[in-house]
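> The following block contains the structure, expressed as structure tokens.
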Amino acid sequence: MKTIIVGIGGMTNGGKSTLAARLHQRIVNSCLIAQDVYFKEDSVVPVDSNGFKQYDVLDALYMEEMLEHVELWRRDPESYMTQKGLMTTQESSPGSKVFVLIVEGFLIFNYRPLNSLYDKKYFLEIPYDICKMRRSTRLYNPPDPPGYFDGHVWPMYLKNRQEMEAMMSDIVFLDGLTEKGQLLNSVYKDVMKLVEELKGKTMLSPLTAHFIHFFF
Ligand SMILES: Nc1ncnc2c1ncn2[C@@H]1O[C@H](COP(=O)(O)OP(=O)(O)OP(=O)(O)O)[C@@H](O)[C@H]1O
Ligand SMILES: NC(=O)c1ccc[n+]([C@@H]2O[C@H](CO)[C@@H](O)[C@H]2O)c1
């Protein structure tokens, strides 16, 4: 079974969901797991001394459940996708099918058990003022209270980012101000290179084995 796991991380409103959804649409046999689905219920998310709900931390998410879903996909991507109602393509030649999992979220590179699973990691970043402006147009559940961006979201972003960079080194940073189509094209090309490499490996190996047998 050939699989590739692509992580699309980034700061809040960096454009992660937009890019991940488009990639998923474009890549055959791909599946998307988004971290936002794993937020805990509001009633169990603690409040800090300033009254801000602590949403921008790993503890606000059911990460074990998210990891379980990634592991389920890895074990059997085809049946995982079938269960989710996603179509998979027919194999054109034996062993040529590559399944791609796109893991998307703001803290996907801060959770150690997931970190070793990514084949490719991208991180979308945008400047503070654009981030604050984009965020102000969004409606979360619960909605951001006044002062939430500067009082919780931004300081937590700085802290989480520092932790991420201390843990990981091979992240490709992307400018989230780049036009959406352009961002998609460059990441798509990059991922497909990996897909083709993986396909090539399986198609070449019997040939390589034949050569080794013939010459030695
Ligand atoms: N490349 C881009 N250029 C300009 N605007 C963008 C781009 N990508 C996304 N946006 C806009 O920015 C906002 C946030 O995008 P998106 O929901 O994809 O971000 P996100 O990183 O998933 O956010 P979060 O996870 O914090 O909710 C949306 O209004 C979206 O239309
Ligand atoms: N989806 C949610 O349940 C939720 C609730 C409150 C806040 N958020 C925000 O989502 C962002 C990540 O996409 C974080 O910055 C959270 O503040 C999400």
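Residues in the structure tokens are numbered from 1 in each chain, the chains being A, B, ... in the order shown, and ligands are numbered from 1 in the order shown.
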Just want the 10 Å neighbourhood of Arg26 (chain A), counted on only C-alpha atoms, with same-chain residues fewer than 4 positions away dropped. Output as a ChimeraX atom specification.

/A:20-22,30,184-185,188

> Could the residues in this selection be saved with N, CA and C atoms as a PDB file, in the first residue's frame?


ATOM      1  N   ALA A  20      -6.195  23.373   1.488  1.00  0.00           N
ATOM      2  CA  ALA A  20      -6.367  21.928   1.693  1.00  0.00           C
ATOM      3  C   ALA A  20      -7.582  21.406   0.921  1.00  0.00           C
ATOM      4  N   ALA A  21      -8.671  22.158   0.933  1.00  0.00           N
ATOM      5  CA  ALA A  21      -9.884  21.720   0.228  1.00  0.00           C
ATOM      6  C   ALA A  21      -9.635  21.658  -1.277  1.00  0.00           C
ATOM      7  N   ARG A  22      -8.914  22.638  -1.799  1.00  0.00           N
ATOM      8  CA  ARG A  22      -8.624  22.660  -3.244  1.00  0.00           C
ATOM      9  C   ARG A  22      -7.670  21.533  -3.643  1.00  0.00           C
ATOM     10  N   SER A  30      -7.366  11.160  -2.784  1.00  0.00           N
ATOM     11  CA  SER A  30      -6.936  11.898  -1.601  1.00  0.00           C
ATOM     12  C   SER A  30      -8.071  11.981  -0.588  1.00  0.00           C
ATOM     13  N   LEU A 184      -2.090  26.992  -4.765  1.00  0.00           N
ATOM     14  CA  LEU A 184      -2.539  25.634  -5.061  1.00  0.00           C
ATOM     15  C   LEU A 184      -1.623  24.973  -6.083  1.00  0.00           C
ATOM     16  N   ASN A 185      -1.328  25.685  -7.162  1.00  0.00           N
ATOM     17  CA  ASN A 185      -0.486  25.106  -8.212  1.00  0.00           C
ATOM     18  C   ASN A 185       0.874  24.682  -7.698  1.00  0.00           C
ATOM     19  N   TYR A 188       0.472  21.704  -5.288  1.00  0.00           N
ATOM     20  CA  TYR A 188       0.012  20.543  -6.062  1.00  0.00           C
ATOM     21  C   TYR A 188       1.183  19.902  -6.818  1.00  0.00           C
TER      22      TYR A 188
END

> Residues contacting ligand 1 - anything with an atom at most 9 Å away, using only C-alpha atoms and all ligand atoms - can you give me those as a PDB file with C-alpha atoms, in the first residue's frame?


ATOM      1  CA  GLY A   9      -0.440  23.851   8.843  1.00  0.00           C
ATOM      2  CA  GLY A  10      -0.361  27.541   9.443  1.00  0.00           C
ATOM      3  CA  MET A  11      -1.510  30.410  11.540  1.00  0.00           C
ATOM      4  CA  THR A  12      -5.160  31.229  12.017  1.00  0.00           C
ATOM      5  CA  ASN A  13      -6.680  32.542   8.782  1.00  0.00           C
ATOM      6  CA  GLY A  14      -3.482  31.791   6.892  1.00  0.00           C
ATOM      7  CA  GLY A  15      -5.617  30.057   4.247  1.00  0.00           C
ATOM      8  CA  LYS A  16      -5.160  26.426   5.345  1.00  0.00           C
ATOM      9  CA  SER A  17      -8.713  25.190   4.777  1.00  0.00           C
ATOM     10  CA  THR A  18      -8.919  26.935   1.407  1.00  0.00           C
ATOM     11  CA  LEU A  19      -5.681  25.359   0.175  1.00  0.00           C
ATOM     12  CA  ALA A  20      -6.367  21.928   1.693  1.00  0.00           C
ATOM     13  CA  ALA A  21      -9.884  21.720   0.228  1.00  0.00           C
ATOM     14  CA  GLN A  35      -8.113  19.535  12.962  1.00  0.00           C
ATOM     15  CA  ASP A  36     -10.959  21.991  13.638  1.00  0.00           C
ATOM     16  CA  GLU A 104      -4.965  20.382   7.891  1.00  0.00           C
ATOM     17  CA  GLY A 105      -4.940  22.562  10.970  1.00  0.00           C
ATOM     18  CA  PHE A 106      -3.358  25.300  13.073  1.00  0.00           C
ATOM     19  CA  LEU A 124       1.033  29.173   5.736  1.00  0.00           C
ATOM     20  CA  GLU A 125       1.991  32.478   7.279  1.00  0.00           C
ATOM     21  CA  CYS A 131      -4.249  38.006  10.183  1.00  0.00           C
ATOM     22  CA  ARG A 134      -9.067  38.316   8.193  1.00  0.00           C
ATOM     23  CA  ARG A 135      -9.964  36.934  11.593  1.00  0.00           C
ATOM     24  CA  THR A 137     -14.495  38.838   9.371  1.00  0.00           C
ATOM     25  CA  ARG A 138     -14.868  35.246  10.591  1.00  0.00           C
ATOM     26  CA  LEU A 139     -17.564  33.815  12.819  1.00  0.00           C
ATOM     27  CA  TYR A 140     -16.434  30.985  15.075  1.00  0.00           C
ATOM     28  CA  ASP A 175       3.401  33.117   1.967  1.00  0.00           C
ATOM     29  CA  GLY A 176      -0.351  33.169   2.639  1.00  0.00           C
ATOM     30  CA  LEU A 177      -0.648  36.444   0.708  1.00  0.00           C
ATOM     31  CA  THR A 178       0.093  34.634  -2.549  1.00  0.00           C
ATOM     32  CA  GLU A 179      -2.907  34.381  -4.860  1.00  0.00           C
ATOM     33  CA  LYS A 180      -5.014  31.272  -4.061  1.00  0.00           C
ATOM     34  CA  GLY A 181      -4.601  29.602  -7.474  1.00  0.00           C
ATOM     35  CA  GLN A 182      -0.884  30.150  -7.473  1.00  0.00           C
ATOM     36  CA  LEU A 183      -0.529  28.652  -3.997  1.00  0.00           C
ATOM     37  CA  LEU A 184      -2.539  25.634  -5.061  1.00  0.00           C
TER      38      LEU A 184
END

> Determine which residues of region 3-140 of chain A DSSP labels as strand (DSSP E or B) from the backbone of this structure, then write them out as a ChimeraX atom specification.

/A:3-10,30-34,39,47,53,61,98-105,120-125

> Quick one: write out the picked residues with C-alpha atoms as a compact mmCIF listing (two decimals), in the first residue's frame?


# COMPACT_ATOMS: atom_id res chain seq x y z
CA THR A 3 0.57 6.31 1.03
CA ILE A 4 1.64 9.92 1.40
CA ILE A 5 0.67 12.22 4.26
CA VAL A 6 0.77 15.95 3.58
CA GLY A 7 0.46 18.42 6.47
CA ILE A 8 -1.06 21.82 5.73
CA GLY A 9 -0.44 23.85 8.84
CA GLY A 10 -0.36 27.54 9.44
CA SER A 30 -6.94 11.90 -1.60
CA CYS A 31 -8.61 12.28 1.75
CA LEU A 32 -8.82 15.27 4.10
CA ILE A 33 -8.66 15.30 7.89
CA ALA A 34 -9.16 18.77 9.40
CA PHE A 39 -12.34 20.93 19.09
CA VAL A 47 -10.87 30.16 30.84
CA LYS A 53 -11.44 30.72 26.63
CA LEU A 61 -8.68 19.49 20.96
CA VAL A 98 -0.96 6.10 -4.32
CA PHE A 99 -3.26 7.34 -1.58
CA VAL A 100 -2.75 10.85 -0.26
CA LEU A 101 -3.93 12.08 3.13
CA ILE A 102 -4.10 15.84 3.67
CA VAL A 103 -3.96 16.76 7.36
CA GLU A 104 -4.97 20.38 7.89
CA GLY A 105 -4.94 22.56 10.97
CA LYS A 120 5.64 16.77 3.47
CA LYS A 121 4.90 19.73 5.72
CA TYR A 122 3.68 23.19 4.69
CA PHE A 123 3.02 26.17 6.95
CA LEU A 124 1.03 29.17 5.74
CA GLU A 125 1.99 32.48 7.28

> Could you tell me how far CA of Lys97 (chain A) sits from CA of Glu197 (chain A), in Å to one decimal place?

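So the answer is 11.9 Å.
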
> I'd like the neighbourhood of Lys84 (chain A) as a ChimeraX atom specification, where a residue qualifies if any of its atoms comes within 12 Å (using only C-alpha atoms), though same-chain residues fewer than 2 positions away should be ignored.

/A:30-33,69,73,77-82,86-88

> In terms of the shortest atom-to-atom distance over only C-alpha atoms and all ligand atoms, which of A:Val195, A:Ala166, A:Val187, A:Ala60 is closest to ligand 2?

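Checking each candidate against ligand 2, we get A:Ala60 as the closest.
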